[in-house]
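Structure file my_file-v7.txt (compact mmCIF, C-alpha atoms) is printed below.
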```
# COMPACT_ATOMS: atom_id res chain seq x y z
CA MET W 1 -23.79 16.79 298.51
CA ILE W 2 -22.01 13.71 299.87
CA PHE W 3 -18.28 14.18 300.34
CA TYR W 4 -17.12 11.04 298.57
CA GLN W 5 -17.97 8.86 295.60
CA LYS W 6 -19.41 5.50 296.48
CA ILE W 7 -17.05 2.58 295.91
CA LYS W 8 -17.51 0.93 292.55
CA LYS W 9 -18.99 -2.50 293.12
CA SER W 10 -16.58 -5.41 293.20
CA TYR W 11 -17.05 -9.01 294.28
CA PHE W 12 -13.66 -9.17 295.97
CA ASN W 13 -14.39 -9.62 299.70
CA PHE W 14 -17.69 -7.85 298.99
CA MET W 15 -21.27 -8.48 300.08
CA GLU W 16 -24.26 -6.36 299.17
CA LEU W 17 -26.81 -6.91 301.90
CA THR W 18 -30.54 -6.77 302.38
CA GLY W 19 -32.71 -7.94 305.24
CA ASN W 20 -32.42 -7.11 308.94
CA GLY W 21 -33.56 -3.57 308.20
CA LEU W 22 -30.92 -2.89 305.54
CA ASN W 23 -32.01 -0.99 302.46
CA LYS W 24 -30.66 -1.38 298.94
CA GLY W 25 -27.15 0.01 298.56
CA SER W 26 -25.88 -1.41 301.86
CA ASP W 27 -22.57 -3.22 301.48
CA MET W 28 -19.75 -4.62 303.57
CA TYR W 29 -16.23 -5.99 303.17
CA PHE W 30 -14.45 -8.70 305.17
CA TYR W 31 -10.72 -8.68 305.79
CA THR W 32 -8.29 -11.39 306.86
CA PRO W 33 -5.00 -10.01 308.26
CA SER W 34 -1.65 -11.73 307.95
CA GLN W 35 0.20 -13.01 311.01
CA THR W 36 2.55 -10.04 310.70
CA ALA W 37 -0.39 -7.65 310.80
CA LYS W 38 -1.79 -9.43 313.85
CA LYS W 39 1.50 -9.01 315.67
CA LEU W 40 2.48 -5.49 314.61
CA LEU W 41 -0.33 -3.54 312.97
CA TYR W 42 -3.87 -2.29 313.29
CA TYR W 43 -6.20 -4.20 311.02
CA PRO W 44 -9.90 -4.26 310.10
CA ILE W 45 -12.03 -7.37 310.49
CA ALA W 46 -15.04 -6.06 308.60
CA ALA W 47 -16.15 -2.68 307.33
CA GLY W 48 -19.03 -1.27 305.38
CA GLU W 49 -21.64 1.32 304.56
CA PHE W 50 -25.24 0.69 305.64
CA TYR W 51 -28.55 2.31 304.81
CA CYS W 52 -30.86 1.23 307.62
CA ASN W 53 -34.57 1.43 308.29
CA SER W 54 -36.49 1.04 311.55
CA GLU W 55 -36.17 -2.78 311.46
CA TYR W 56 -32.38 -2.64 311.69
CA CYS W 57 -31.06 -4.17 314.91
CA VAL W 58 -27.82 -5.96 315.90
CA GLU W 59 -27.57 -7.87 319.17
CA ARG W 60 -24.48 -9.95 320.02
CA ASP W 61 -22.83 -11.55 323.02
CA ASN W 62 -19.48 -10.67 321.46
CA TYR W 63 -17.63 -10.11 318.21
CA ASN W 64 -14.02 -9.80 319.29
CA SER W 65 -13.12 -6.32 318.04
CA ILE W 66 -13.68 -2.62 318.56
CA LEU W 67 -16.39 -1.07 316.40
CA ALA W 68 -16.13 2.51 315.14
CA LEU W 69 -19.58 3.44 313.82
CA TYR W 70 -20.01 6.86 312.23
CA VAL W 71 -23.52 8.24 311.66
CA LEU W 72 -23.65 10.08 308.34
CA ASP W 73 -27.38 10.68 308.70
CA GLY W 74 -30.25 9.58 310.93
CA ASN W 75 -29.61 8.02 314.33
CA ILE W 76 -28.18 4.95 316.05
CA THR W 77 -28.85 3.83 319.63
CA ILE W 78 -26.50 1.52 321.54
CA LEU W 79 -27.35 -0.47 324.66
CA GLN W 80 -24.38 -1.76 326.65
CA ASN W 81 -23.42 -2.10 330.32
CA ASN W 82 -26.97 -1.11 331.38
CA ALA W 83 -26.58 2.24 329.63
CA GLN W 84 -28.08 3.78 326.49
CA LEU W 85 -26.42 6.19 324.06
CA ASP W 86 -28.17 7.91 321.16
CA ALA W 87 -25.93 9.10 318.30
CA GLN W 88 -27.05 11.54 315.63
CA LYS W 89 -25.56 12.88 312.39
CA ASP W 90 -21.77 13.48 312.53
CA GLU W 91 -21.40 11.54 315.77
CA LEU W 92 -19.29 8.42 316.17
CA LEU W 93 -19.90 5.50 318.51
CA LEU W 94 -17.02 3.42 319.83
CA ILE W 95 -18.32 0.02 320.89
CA ASP W 96 -16.52 -2.65 322.90
CA CYS W 97 -17.66 -5.70 320.98
CA TYR W 98 -15.78 -8.04 323.33
CA LYS W 99 -18.77 -7.53 325.64
CA ALA W 100 -22.49 -8.05 325.04
CA HIS W 101 -24.03 -5.18 323.12
CA LYS W 102 -27.04 -4.14 321.08
CA TYR W 103 -27.52 -1.30 318.63
CA PHE W 104 -30.34 -0.21 316.33
CA THR W 105 -31.96 2.79 314.67
CA LYS W 106 -35.26 4.21 315.83
CA ASP W 107 -36.30 5.17 312.30
CA ARG W 108 -33.39 5.37 309.81
CA ALA W 109 -29.62 5.60 309.62
CA HIS W 110 -26.84 5.95 307.06
CA THR W 111 -23.59 4.72 308.60
CA LEU W 112 -19.95 4.01 307.84
CA TRP W 113 -18.36 1.48 310.17
CA VAL W 114 -15.30 -0.64 310.79
CA HIS W 115 -14.61 -3.49 313.21
CA PHE W 116 -10.89 -3.45 314.00
CA ASP W 117 -8.27 -4.99 316.23
CA GLY W 118 -4.51 -5.31 316.51
CA ASP W 119 -1.55 -3.74 318.29
CA ASN W 120 -2.96 -1.83 321.30
CA SER W 121 -6.45 -1.20 319.92
CA TYR W 122 -8.21 -1.93 323.19
CA GLU W 123 -5.90 0.46 325.03
CA TRP W 124 -6.86 3.14 322.49
CA PHE W 125 -10.53 2.38 323.11
CA SER W 126 -10.06 2.60 326.89
CA GLU W 127 -8.14 5.87 326.70
CA ILE W 128 -10.51 7.58 324.27
CA THR W 129 -13.68 6.54 326.08
CA ALA W 130 -12.21 7.51 329.46
CA GLN W 131 -11.60 11.02 328.14
CA LYS W 132 -14.57 11.52 325.80
CA GLY W 133 -17.05 8.71 326.37
CA GLN W 134 -18.31 6.27 323.75
CA LYS W 135 -20.16 8.93 321.75
CA ILE W 136 -17.91 11.49 320.07
CA LYS W 137 -18.84 14.50 317.95
CA CYS W 138 -16.63 14.37 314.87
CA THR W 139 -15.93 16.05 311.58
CA GLN W 140 -16.36 14.52 308.13
CA GLN W 141 -12.63 13.83 308.15
CA THR W 142 -13.38 11.04 310.62
CA ALA W 143 -15.81 9.49 308.17
CA GLU W 144 -13.25 9.83 305.39
CA TYR W 145 -10.77 7.67 307.32
CA ILE W 146 -13.36 4.89 307.61
CA PHE W 147 -14.26 5.27 303.95
CA ASN W 148 -10.57 5.02 303.02
CA ILE W 149 -10.28 1.79 305.01
CA ILE W 150 -13.19 0.36 303.03
CA ARG W 151 -11.65 1.58 299.78
CA TYR W 152 -8.25 0.10 300.64
CA ILE W 153 -9.78 -3.28 301.43
CA LYS W 154 -11.63 -3.21 298.11
CA GLN W 155 -8.45 -2.25 296.23
CA ASN W 156 -6.35 -4.90 297.99
CA GLN W 157 -4.00 -2.23 299.33
CA SER W 158 -0.99 -2.93 301.53
CA GLU W 159 -1.69 -3.94 305.13
CA TYR W 160 0.60 -1.09 306.18
CA ASP W 161 -1.53 1.44 304.30
CA ILE W 162 -4.67 0.11 305.95
CA SER W 163 -3.00 0.13 309.36
CA ASN W 164 -1.94 3.73 308.80
CA GLU W 165 -5.54 4.75 308.05
CA LEU W 166 -6.73 3.04 311.22
CA TYR W 167 -4.03 4.75 313.24
CA SER W 168 -4.98 8.11 311.68
CA LEU W 169 -8.62 7.41 312.55
CA LEU W 170 -7.72 6.79 316.20
CA CYS W 171 -5.57 9.92 316.35
CA ASN W 172 -8.35 11.96 314.74
CA ILE W 173 -10.88 10.74 317.30
CA SER W 174 -8.47 11.31 320.18
CA LYS W 175 -7.34 14.84 319.44
CA LYS W 176 -9.04 17.82 320.99
CA ASN W 177 -12.14 18.73 319.06
CA HIS W 178 -11.32 21.98 317.25
CA MET W 179 -14.86 23.28 317.27
CA ASN W 180 -15.28 22.61 320.98
CA TYR W 181 -11.92 24.22 321.61
CA GLU W 182 -12.92 27.34 319.68
CA ASN W 183 -16.24 27.46 321.53
CA LYS W 184 -14.39 27.19 324.84
CA LYS W 185 -12.16 30.12 323.90
CA ALA W 186 -15.19 32.18 322.89
CA ASP W 187 -16.88 31.34 326.20
CA CYS W 188 -13.79 32.51 328.10
CA VAL W 189 -13.75 35.80 326.19
CA GLU W 190 -17.47 36.29 326.88
CA ALA W 191 -16.89 35.61 330.58
CA ALA W 192 -14.05 38.16 330.58
CA LYS W 193 -16.25 40.79 328.92
CA ASN W 194 -18.97 40.23 331.49
CA PHE W 195 -16.40 40.48 334.29
CA ILE W 196 -15.22 43.83 332.92
CA LEU W 197 -18.80 45.12 332.61
CA SER W 198 -19.45 44.16 336.23
CA ASN W 199 -16.20 45.54 337.61
CA TYR W 200 -15.21 48.50 335.39
CA ASP W 201 -15.52 50.85 338.40
CA LYS W 202 -12.94 48.91 340.40
CA ASN W 203 -9.15 48.85 340.26
CA ILE W 204 -8.85 45.63 338.22
CA SER W 205 -5.88 44.61 336.11
CA ILE W 206 -5.56 42.46 333.00
CA ALA W 207 -3.86 39.88 335.24
CA ASP W 208 -7.00 39.77 337.41
CA ILE W 209 -9.18 39.09 334.37
CA ALA W 210 -6.83 36.44 332.97
CA LYS W 211 -6.75 34.69 336.34
CA MET W 212 -10.55 34.66 336.43
CA VAL W 213 -10.67 32.68 333.14
CA HIS W 214 -7.68 30.49 334.14
CA MET W 215 -5.30 31.71 331.43
CA SER W 216 -1.90 33.33 331.30
CA VAL W 217 -1.93 37.08 330.63
CA SER W 218 -0.22 36.70 327.25
CA TYR W 219 -2.49 33.93 325.98
CA PHE W 220 -5.63 35.61 327.30
CA SER W 221 -4.65 38.88 325.62
CA LYS W 222 -4.06 37.05 322.33
CA ILE W 223 -7.43 35.25 322.17
CA PHE W 224 -9.30 38.30 323.49
CA ARG W 225 -7.98 40.39 320.61
CA GLN W 226 -8.72 37.60 318.12
CA ASN W 227 -12.35 37.44 319.28
CA THR W 228 -13.12 41.14 319.86
CA GLY W 229 -10.62 43.20 317.85
CA PHE W 230 -9.62 44.96 321.09
CA SER W 231 -6.82 44.33 323.52
CA PRO W 232 -8.24 43.66 327.02
CA TYR W 233 -6.92 47.05 328.17
CA ASP W 234 -8.52 48.94 325.26
CA TYR W 235 -11.81 47.08 325.78
CA MET W 236 -11.88 47.99 329.46
CA LEU W 237 -11.04 51.61 328.62
CA THR W 238 -13.87 51.70 326.08
CA VAL W 239 -16.35 50.33 328.62
CA ARG W 240 -15.26 52.94 331.19
CA LEU W 241 -15.54 55.79 328.71
CA ASP W 242 -18.99 54.64 327.51
CA LYS W 243 -20.20 54.49 331.13
CA ALA W 244 -18.76 57.97 331.70
CA LYS W 245 -20.68 59.30 328.69
CA GLU W 246 -23.91 57.89 330.13
CA MET W 247 -23.24 59.56 333.50
CA LEU W 248 -22.36 62.88 331.88
CA ARG W 249 -25.68 62.90 330.01
CA GLN W 250 -27.94 61.40 332.67
CA THR W 251 -26.61 62.79 335.99
CA ASP W 252 -25.35 66.01 337.52
CA ASN W 253 -22.35 64.26 339.09
CA SER W 254 -19.10 66.20 339.02
CA ILE W 255 -16.33 65.33 336.59
CA GLU W 256 -14.23 64.18 339.53
CA SER W 257 -17.04 61.94 340.81
CA ILE W 258 -17.62 60.40 337.38
CA ALA W 259 -13.90 59.73 336.97
CA TYR W 260 -13.93 57.87 340.29
CA LYS W 261 -17.16 55.95 339.54
CA THR W 262 -15.85 54.71 336.19
CA GLY W 263 -12.56 53.33 337.53
CA PHE W 264 -10.08 56.03 336.49
CA ASN W 265 -7.31 56.59 339.00
CA SER W 266 -7.39 60.38 338.66
CA THR W 267 -9.51 63.16 337.20
CA SER W 268 -6.69 64.31 334.94
CA ASN W 269 -6.25 60.78 333.59
CA PHE W 270 -9.98 60.55 332.90
CA ILE W 271 -10.03 63.91 331.08
CA TYR W 272 -7.01 62.94 328.98
CA PHE W 273 -8.48 59.65 327.74
CA PHE W 274 -11.95 61.14 327.28
CA ARG W 275 -10.64 63.95 325.12
CA LYS W 276 -8.43 61.53 323.17
CA GLU W 277 -11.42 59.27 322.40
CA THR W 278 -14.12 61.91 321.71
CA GLY W 279 -12.14 64.99 320.69
CA VAL W 280 -13.83 67.12 323.39
CA SER W 281 -13.55 67.51 327.15
CA PRO W 282 -16.08 65.78 329.43
CA LEU W 283 -17.68 69.15 330.26
CA LYS W 284 -18.16 70.08 326.60
CA PHE W 285 -19.56 66.61 325.88
CA ARG W 286 -22.12 67.10 328.66
CA ASN W 287 -23.35 70.28 327.00
CA ILE W 288 -23.60 68.92 323.46
CA LYS W 289 -27.19 68.78 322.24
CA PHE W 290 -28.31 65.54 320.61
```
Turn the structure described in the file into C-alpha cells.
Amino acid sequence: MIFYQKIKKSYFNFMELTGNGLNKGSDMYFYTPSQTAKKLLYYPIAAGEFYCNSEYCVERDNYNSILALYVLDGNITILQNNAQLDAQKDELLLIDCYKAHKYFTKDRAHTLWVHFDGDNSYEWFSEITAQKGQKIKCTQQTAEYIFNIIRYIKQNQSEYDISNELYSLLCNISKKNHMNYENKKADCVEAAKNFILSNYDKNISIADIAKMVHMSVSYFSKIFRQNTGFSPYDYMLTVRLDKAKEMLRQTDNSIESIAYKTGFNSTSNFIYFFRKETGVSPLKFRNIKF
C-alpha cells in the first residue's frame, strides 16, 4: 500500500505529462522563487511524480540545479562523467545537472523527484556524494520529504516552509543510515563471537575483544548484550563451559587438563563455575548417562 495519497489535481503550476516514455498519471510542478529565496533559502525549480516505461529517457547538457530522484519502484540508470549508476526501489540518485547527464529506465520506473538550488545546495551535493556517492539507499521518509515539497508547491505554501522541507531532505540523506549502522553493529558482535570461539582456550580479556572490533569496552559490552542477551564475560564463560562438557563426554582428559584447555585459570575456578552452571561437579557430569 503506497504511503501517501496522490495530490489532488490542480492547474496551478501543474502539468500532467505524456510522451517521452511517461505513462498516464505522471505530473510535475514548476516553481519560481522570490529574490529573497534565491539569496537566503533552498528552493525547488521543478518537482514531480513520474510513471515511466522503457521509452523514458532524459539527456541534457545542463539544467542548472541539483536533482534528487527517488525510485519508488522499478529502476533508473544515470550516465554521467563516463560512469553508470543503476538505482532500484528505495534508492535515491543525486545528479549534478550543471554538467551533462543522461538518465533512463531499462523497463519501468515510478519516481518522485525535485530539481533544487539555493543557499549552499552545491556544497551539500559535494559533501553527500563525497561521503556516500550519488546513489544512496534511503527510507520512505526520504520520499515523503520530496512528496511534501510537491504538495507545498501545489498548495502555494510559504517559501520558508518549502525551504525547510528541502533542508530536512538534505539532512535526512546526509545522516548515517540507521539500517546500515545496525547491520554494522551486528557484524561487530558476530566477529566478537567468532573471536571468542577461536580463542576461548587462551587468556583473553573483554578489553582484547573490544579492541579487535575497534570499540571501547563499555560500548562493546552494551551492544553485545543488546544483540545476544549475554554480557561478553558471560558469553565467554558459557562457551568455555560448553567446550568443557564436550571434553568430559568425549575424552579421558583429567579435570585439571580440561580446565586448562578451556581457558580457566585454575582447576578450582573451573569446578566452581561448572557446578554453579550445571548443579553437579565435572566428574559427576562425566558419569551421567544420556
*Measure the distance from atom CA of Ile78 of chain W to atom CA of Gln140 of chain W in Å and round it to one decimal.*
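That distance, rounded to one decimal, is 21.3 Å.
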**Message:** With all atoms listed in the file as the counted atoms, please give the residues lying no more than 12 Å from segment 268-281 of chain W, apart from itself and same-chain residues fewer than 5 positions off, as a list in words.
**Reply:** Asp234, Leu237, Thr238, Val239, Arg240, Leu241, Asp242, Lys243, Ala244, Lys245, Leu248, Ile255, Glu256, Ser257, Ile258, Ala259, Tyr260, Lys261, Thr262, Gly263, Arg286, Asn287 and Ile288 of chain W
Worksheet item: Which residue, W:Trp113, W:Lys185, W:Ala192, W:Asn265, has the smallest gap to Gln226 of chain W when you use all atoms listed in the file?
Response: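 Selected residue with least distance to Gln226 of chain W: W:Lys185.
For the choices W:Ile128, W:Leu92, W:Val114, W:Leu41, the atom-to-atom distance to Cys171 of chain W is smallest for W:Ile128 when using all atoms listed in the file.
Ranking W:Ile45, W:Leu67, W:Met236, W:Ile223 by their shortest atom-to-atom distance to Lys202 of chain W, with only C-alpha atoms included, puts W:Met236 first.
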Between atom CA of Asn253 of chain W and atom CA of Leu197 of chain W lies a distance of 20.5 Å
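What separates atom CA of Ser231 of chain W from atom CA of Gln250 of chain W is a distance of 28.7 Å.
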* To do: Can you work out which one of W:Phe230, W:His101, W:Gly48, W:Gly118 has the shortest atom-to-atom distance to Glu159 of chain W, counting all atoms listed in the file?
  =>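 So, comparing all the options, the nearest one is W:Gly118.
Take the candidates W:Ser174, W:Ser218, W:Asn62, W:Ser163 and check each one against Asp119 of chain W using all atoms listed in the file; the shortest distance goes to W:Ser163.
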Next on the checklist: I'd like the contact shell of Tyr42 of chain W - 9 Å cut-off, all atoms listed in the file, skipping same-chain residues fewer than 2 positions apart - returned as a list in words.
Outcome noted: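 Everything that qualifies: Ala37, Lys38, Lys39, Leu40, Pro44, Phe116, Asp117, Gly118, Asp119, Asn120, Ser121, Glu159, Tyr160, Ile162, Ser163, Asn164, Glu165, Leu166 and Tyr167 of chain W.
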For Tyr98 of chain W, the closest of W:Ile66, W:Leu170, W:Ile206, W:Ile136 counting all atoms listed in the file is W:Ile66
Could you name the residues that touch Asn20 of chain W at 12 Å or less, counting all atoms listed in the file, but leaving out those on the same chain fewer than 3 positions away, as a list in words?
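Everything that qualifies: Leu17, Asn23, Lys24, Ser26, Phe50, Tyr51, Cys52, Asn53, Ser54, Glu55, Tyr56, Cys57, Val58, Glu59, Phe104 and Thr105 of chain W.
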Please give the centre and size of the box around segment 51-66 of chain W (axis-aligned, containing every atom listed in the file, 5 Å added per side), with values in Å to one decimal and written as lines of an AutoDock Vina configuration file.
```
center_x = -24.8
center_y = -4.6
center_z = 313.9
size_x = 33.4
size_y = 23.9
size_z = 28.2
```
Which residues of segment 95-201 of chain W come within 9 Å of segment 80-84 of chain W, and what is each one's closest atom pair and distance in Å (one decimal), counting only C-alpha atoms, sorted by chain and residue number, as a tab-separated table?
```
residue	atom	partner	partner_atom	distance
W:Ile95	CA	W:Gln80	CA	8.5
W:Asp96	CA	W:Gln80	CA	8.8
W:Lys99	CA	W:Gln80	CA	8.1
W:Ala100	CA	W:Gln80	CA	6.8
W:His101	CA	W:Gln80	CA	4.9
W:Lys102	CA	W:Gln80	CA	6.6
W:Tyr103	CA	W:Gln80	CA	8.6
```
